[in-house]
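With PDB, C-alpha atoms, pLDDT in the B column inside, this is protein.pdb:
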```
ATOM      1  CA  MET A   1     106.329  73.547  91.338  1.00 49.00           C
ATOM      2  CA  HIS A   2     109.102  72.074  89.208  1.00 55.00           C
ATOM      3  CA  GLU A   3     111.688  69.849  90.853  1.00 75.00           C
ATOM      4  CA  LYS A   4     114.450  71.092  88.561  1.00 88.00           C
ATOM      5  CA  LEU A   5     116.405  74.134  89.733  1.00 92.00           C
ATOM      6  CA  SER A   6     116.280  77.077  87.355  1.00 94.00           C
ATOM      7  CA  VAL A   7     118.450  80.161  87.910  1.00 95.00           C
ATOM      8  CA  LEU A   8     118.224  83.593  86.287  1.00 95.00           C
ATOM      9  CA  VAL A   9     120.946  86.199  86.896  1.00 95.00           C
ATOM     10  CA  ARG A  10     120.389  89.934  86.463  1.00 96.00           C
ATOM     11  CA  VAL A  11     123.343  92.305  86.795  1.00 94.00           C
ATOM     12  CA  ASP A  12     123.314  96.112  86.901  1.00 93.00           C
ATOM     13  CA  LEU A  13     126.967  97.139  86.871  1.00 86.00           C
ATOM     14  CA  GLU A  14     126.150 100.862  87.068  1.00 90.00           C
ATOM     15  CA  CYS A  15     124.341 100.401  90.382  1.00 89.00           C
ATOM     16  CA  ALA A  16     126.685  97.588  91.493  1.00 91.00           C
ATOM     17  CA  GLN A  17     123.772  95.207  92.074  1.00 94.00           C
ATOM     18  CA  ALA A  18     123.026  91.667  90.971  1.00 95.00           C
ATOM     19  CA  GLN A  19     120.094  89.348  91.498  1.00 97.00           C
ATOM     20  CA  VAL A  20     120.242  85.564  91.386  1.00 97.00           C
ATOM     21  CA  ALA A  21     116.651  84.358  91.117  1.00 97.00           C
ATOM     22  CA  ALA A  22     115.998  80.650  91.655  1.00 96.00           C
ATOM     23  CA  ARG A  23     112.877  78.679  90.880  1.00 95.00           C
ATOM     24  CA  GLY A  24     112.100  75.029  91.326  1.00 95.00           C
ATOM     25  CA  HIS A  25     113.383  73.030  94.278  1.00 94.00           C
ATOM     26  CA  VAL A  26     116.450  74.237  96.208  1.00 95.00           C
ATOM     27  CA  THR A  27     118.028  71.332  98.073  1.00 95.00           C
ATOM     28  CA  VAL A  28     121.148  70.871 100.178  1.00 94.00           C
ATOM     29  CA  GLN A  29     122.750  69.266  97.133  1.00 93.00           C
ATOM     30  CA  ASN A  30     121.930  71.889  94.507  1.00 95.00           C
ATOM     31  CA  VAL A  31     122.341  74.970  96.730  1.00 96.00           C
ATOM     32  CA  GLN A  32     126.021  74.588  95.805  1.00 95.00           C
ATOM     33  CA  ALA A  33     125.114  75.755  92.295  1.00 94.00           C
ATOM     34  CA  LEU A  34     123.658  78.963  93.747  1.00 95.00           C
ATOM     35  CA  TYR A  35     126.878  79.542  95.671  1.00 97.00           C
ATOM     36  CA  VAL A  36     128.910  79.175  92.479  1.00 96.00           C
ATOM     37  CA  VAL A  37     126.709  81.713  90.674  1.00 96.00           C
ATOM     38  CA  VAL A  38     126.985  84.151  93.608  1.00 95.00           C
ATOM     39  CA  LYS A  39     130.762  83.728  93.614  1.00 95.00           C
ATOM     40  CA  ARG A  40     130.957  84.509  89.900  1.00 94.00           C
ATOM     41  CA  ALA A  41     128.714  87.556  90.289  1.00 92.00           C
ATOM     42  CA  ASN A  42     130.812  88.748  93.232  1.00 90.00           C
ATOM     43  CA  ALA A  43     133.939  88.550  91.048  1.00 91.00           C
ATOM     44  CA  LEU A  44     132.478  90.926  88.444  1.00 89.00           C
ATOM     45  CA  LEU A  45     132.925  94.118  90.419  1.00 88.00           C
ATOM     46  CA  ASP A  46     134.337  95.146  93.790  1.00 87.00           C
ATOM     47  CA  GLY A  47     131.529  96.067  96.164  1.00 86.00           C
ATOM     48  CA  LEU A  48     128.831  94.333  94.146  1.00 89.00           C
ATOM     49  CA  VAL A  49     125.815  93.557  96.313  1.00 89.00           C
ATOM     50  CA  THR A  50     123.958  90.428  95.290  1.00 95.00           C
ATOM     51  CA  GLU A  51     120.446  89.353  96.165  1.00 97.00           C
ATOM     52  CA  VAL A  52     119.648  85.639  96.121  1.00 97.00           C
ATOM     53  CA  ASP A  53     115.904  85.452  95.548  1.00 97.00           C
ATOM     54  CA  VAL A  54     114.469  82.042  96.384  1.00 97.00           C
ATOM     55  CA  SER A  55     111.007  83.437  97.154  1.00 96.00           C
ATOM     56  CA  HIS A  56     109.483  81.627  94.165  1.00 94.00           C
ATOM     57  CA  ALA A  57     111.185  78.313  94.871  1.00 94.00           C
ATOM     58  CA  MET A  58     110.504  75.419  97.186  1.00 94.00           C
ATOM     59  CA  VAL A  59     113.478  75.516  99.558  1.00 94.00           C
ATOM     60  CA  ASP A  60     114.517  72.765 101.923  1.00 95.00           C
ATOM     61  CA  PRO A  61     114.856  74.296 105.415  1.00 95.00           C
ATOM     62  CA  VAL A  62     118.485  73.181 105.798  1.00 96.00           C
ATOM     63  CA  ALA A  63     119.407  74.725 102.422  1.00 96.00           C
ATOM     64  CA  LEU A  64     117.723  77.991 103.419  1.00 96.00           C
ATOM     65  CA  GLU A  65     119.606  78.053 106.718  1.00 97.00           C
ATOM     66  CA  GLN A  66     122.884  77.447 104.875  1.00 97.00           C
ATOM     67  CA  LEU A  67     122.176  80.351 102.513  1.00 97.00           C
ATOM     68  CA  GLN A  68     121.240  82.657 105.385  1.00 97.00           C
ATOM     69  CA  GLU A  69     124.327  81.700 107.406  1.00 97.00           C
ATOM     70  CA  SER A  70     126.603  82.409 104.439  1.00 97.00           C
ATOM     71  CA  SER A  71     124.874  85.752 103.968  1.00 97.00           C
ATOM     72  CA  ARG A  72     125.363  86.653 107.653  1.00 97.00           C
ATOM     73  CA  SER A  73     129.025  85.618 107.648  1.00 97.00           C
ATOM     74  CA  ARG A  74     129.707  87.296 104.276  1.00 95.00           C
ATOM     75  CA  HIS A  75     131.590  84.189 103.184  1.00 96.00           C
ATOM     76  CA  LEU A  76     130.696  81.315 100.910  1.00 96.00           C
ATOM     77  CA  PRO A  77     131.394  77.756 102.037  1.00 96.00           C
ATOM     78  CA  GLU A  78     135.099  76.921 101.967  1.00 96.00           C
ATOM     79  CA  ARG A  79     134.599  74.195  99.348  1.00 95.00           C
ATOM     80  CA  ILE A  80     133.191  76.869  96.989  1.00 96.00           C
ATOM     81  CA  ASP A  81     135.666  79.633  97.889  1.00 95.00           C
ATOM     82  CA  PRO A  82     138.822  78.252  99.512  1.00 96.00           C
ATOM     83  CA  LEU A  83     140.290  81.785  99.782  1.00 95.00           C
ATOM     84  CA  GLN A  84     137.246  82.947 101.781  1.00 95.00           C
ATOM     85  CA  ALA A  85     136.945  86.322 100.066  1.00 92.00           C
ATOM     86  CA  GLU A  86     134.247  88.607 101.439  1.00 92.00           C
ATOM     87  CA  CYS A  87     130.978  88.063  99.587  1.00 93.00           C
ATOM     88  CA  ARG A  88     128.061  90.360 100.329  1.00 92.00           C
ATOM     89  CA  PHE A  89     124.666  88.958  99.481  1.00 95.00           C
ATOM     90  CA  SER A  90     121.186  88.925 100.923  1.00 96.00           C
ATOM     91  CA  VAL A  91     118.598  86.173 100.751  1.00 97.00           C
ATOM     92  CA  VAL A  92     114.955  86.740  99.851  1.00 97.00           C
ATOM     93  CA  ALA A  93     113.267  83.711 101.395  1.00 94.00           C
ATOM     94  CA  PRO A  94     109.959  82.141 100.425  1.00 91.00           C
ATOM     95  CA  ASP A  95     107.006  82.660 102.694  1.00 82.00           C
ATOM     96  CA  ASP A  96     106.662  80.182 105.546  1.00 69.00           C
ATOM     97  CA  SER A  97     104.150  77.997 103.705  1.00 48.00           C
ATOM     98  CA  ALA A  98     106.658  77.079 100.962  1.00 51.00           C
ATOM     99  CA  THR A  99     109.322  76.251 103.544  1.00 51.00           C
ATOM    100  CA  LEU A 100     106.790  74.232 105.556  1.00 50.00           C
ATOM    101  CA  ALA A 101     105.814  72.291 102.433  1.00 54.00           C
ATOM    102  CA  ALA A 102     109.465  71.450 101.820  1.00 51.00           C
ATOM    103  CA  SER A 103     110.013  70.283 105.391  1.00 51.00           C
ATOM    104  CA  MET A 104     106.837  68.152 105.277  1.00 54.00           C
ATOM    105  CA  ARG A 105     108.040  66.604 102.051  1.00 58.00           C
ATOM    106  CA  LEU A 106     111.388  65.761 103.664  1.00 53.00           C
ATOM    107  CA  ALA A 107     109.600  64.100 106.580  1.00 53.00           C
ATOM    108  CA  ALA A 108     107.538  61.897 104.254  1.00 53.00           C
TER     109      ALA A 108
END
```
Whole structure given in C-alpha cells:
Amino acid sequence: MHEKLSVLVRVDLECAQAQVAARGHVTVQNVQALYVVVKRANALLDGLVTEVDVSHAMVDPVALEQLQESSRSRHLPERIDPLQAECRFSVVAPDDSATLAASMRLAA
C-alpha cells in the first residue's frame, strides 16, 4: 500500500452522482484534501450525491470517523466550508482488516 494519497473523481452529471475514490493512506492530516474535493463536487450541481470510496485505502480510524460524522451531519468541517452548506455524501469504508492495520500502525 502506498503512503501517498491518490484521489480519482468520477462525475455523472446526468444522474447527479459523483465518486471520489481514494487510494494510499488517509490520515487525519490529509483527509482535509478529500473534504475539499467533496466540496468542489458538491458545488457542481444542486442535489449531487457524492460517494467517498476509501475501500481501497489504508484509513486511520480517526480519519474514518471524521468522514462518517461529516456524512451523517451532511456538513463538511467548518474550516473547509465556513458557510456550512448542506453536503450529501456517503462513505464506502475499507474492510475491518485495513482499518485494524492502520490502528496497529498508529500504536507502534
Practice item. State, in Å with one decimal place, the distance from CA of Asp95 (chain A) to CA of Ala41 (chain A). Key: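 So the two atoms, CA of Asp95 (chain A) and CA of Ala41 (chain A), lie 25.5 Å apart.
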Point to revise | Expected selection from the PyMOL selection byres ((chain A and resi 4) around 10), given as a list in words | key: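 When the PyMOL selection byres ((chain A and resi 4) around 10) is applied, the selected residues are Met1, His2, Glu3, Leu5, Ser6, Val7, Arg23, Gly24, His25, Val26 and Asn30 of chain A.
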Check your understanding: Using all atoms listed in the file, which of A:Val20, A:Arg72, A:Glu86, A:Ala63 sits nearest Val36 (chain A)?
Key ->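 Using all atoms listed in the file, the shortest distance to Val36 (chain A) belongs to A:Val20.
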Check your understanding: Could you work out how far CA of Cys15 (chain A) lies from CA of Pro94 (chain A), giving the answer in Å with one decimal?
Key ->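 Value for the CA of Pro94 (chain A)-CA of Cys15 (chain A) distance: 25.3 Å.
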Review point. What is the distance, in Å and to one decimal place, between CA of Ser73 (chain A) and CA of Arg88 (chain A)?
Key: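 About the pair CA of Ser73 (chain A) and CA of Arg88 (chain A): they are 8.8 Å apart.
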Who sits within 12 Å of Gln29 (chain A), only C-alpha atoms, same chain under 4 positions skipped, as a compact mmCIF listing (two decimals) with C-alpha atoms, keeping the file's coordinate frame:
```
# COMPACT_ATOMS: atom_id res chain seq x y z
CA LEU A 5 116.40 74.13 89.73
CA HIS A 25 113.38 73.03 94.28
CA ALA A 33 125.11 75.76 92.30
CA LEU A 34 123.66 78.96 93.75
CA TYR A 35 126.88 79.54 95.67
CA VAL A 59 113.48 75.52 99.56
CA ASP A 60 114.52 72.76 101.92
CA VAL A 62 118.48 73.18 105.80
CA ALA A 63 119.41 74.72 102.42
CA LEU A 64 117.72 77.99 103.42
CA GLN A 66 122.88 77.45 104.88
```
Practice item. Give me the residues within 9 Å of Asp53 (chain A) as a ChimeraX atom specification, counting only C-alpha atoms and dropping any in the same chain fewer than 4 places off. Key: /A:19-23,57,90-94
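Take the PyMOL selection byres ((chain A and resi 89) around 8) and apply it to this file: it picks Val38, Val49, Thr50, Glu51, Val52, Ser71, Arg74, Cys87, Arg88, Ser90 and Val91 of chain A.
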Practice item. For the point (136.4, 85.6, 97.6) in the file's frame, write as number ranges by chain all residues with an atom no more than 12 Å away, counting all atoms listed in the file. Key: A: 35-36, 38-47, 74-88
Check your understanding: Which residue out of A:Ser55, A:Val37, A:Leu48, A:Val31 has the minimum interatomic distance to Glu14 (chain A) when all atoms listed in the file are used?
Key ->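 Nearest to Glu14 (chain A): A:Leu48.
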Centre, edges in Å (one decimal): axis-aligned box, region 44-61 of chain A, 3 Å padding on all six sides, as JSON:
```
{"center_x": 121.9, "center_y": 84.4, "center_z": 96.9, "size_x": 30.9, "size_y": 29.3, "size_z": 23.0}
```
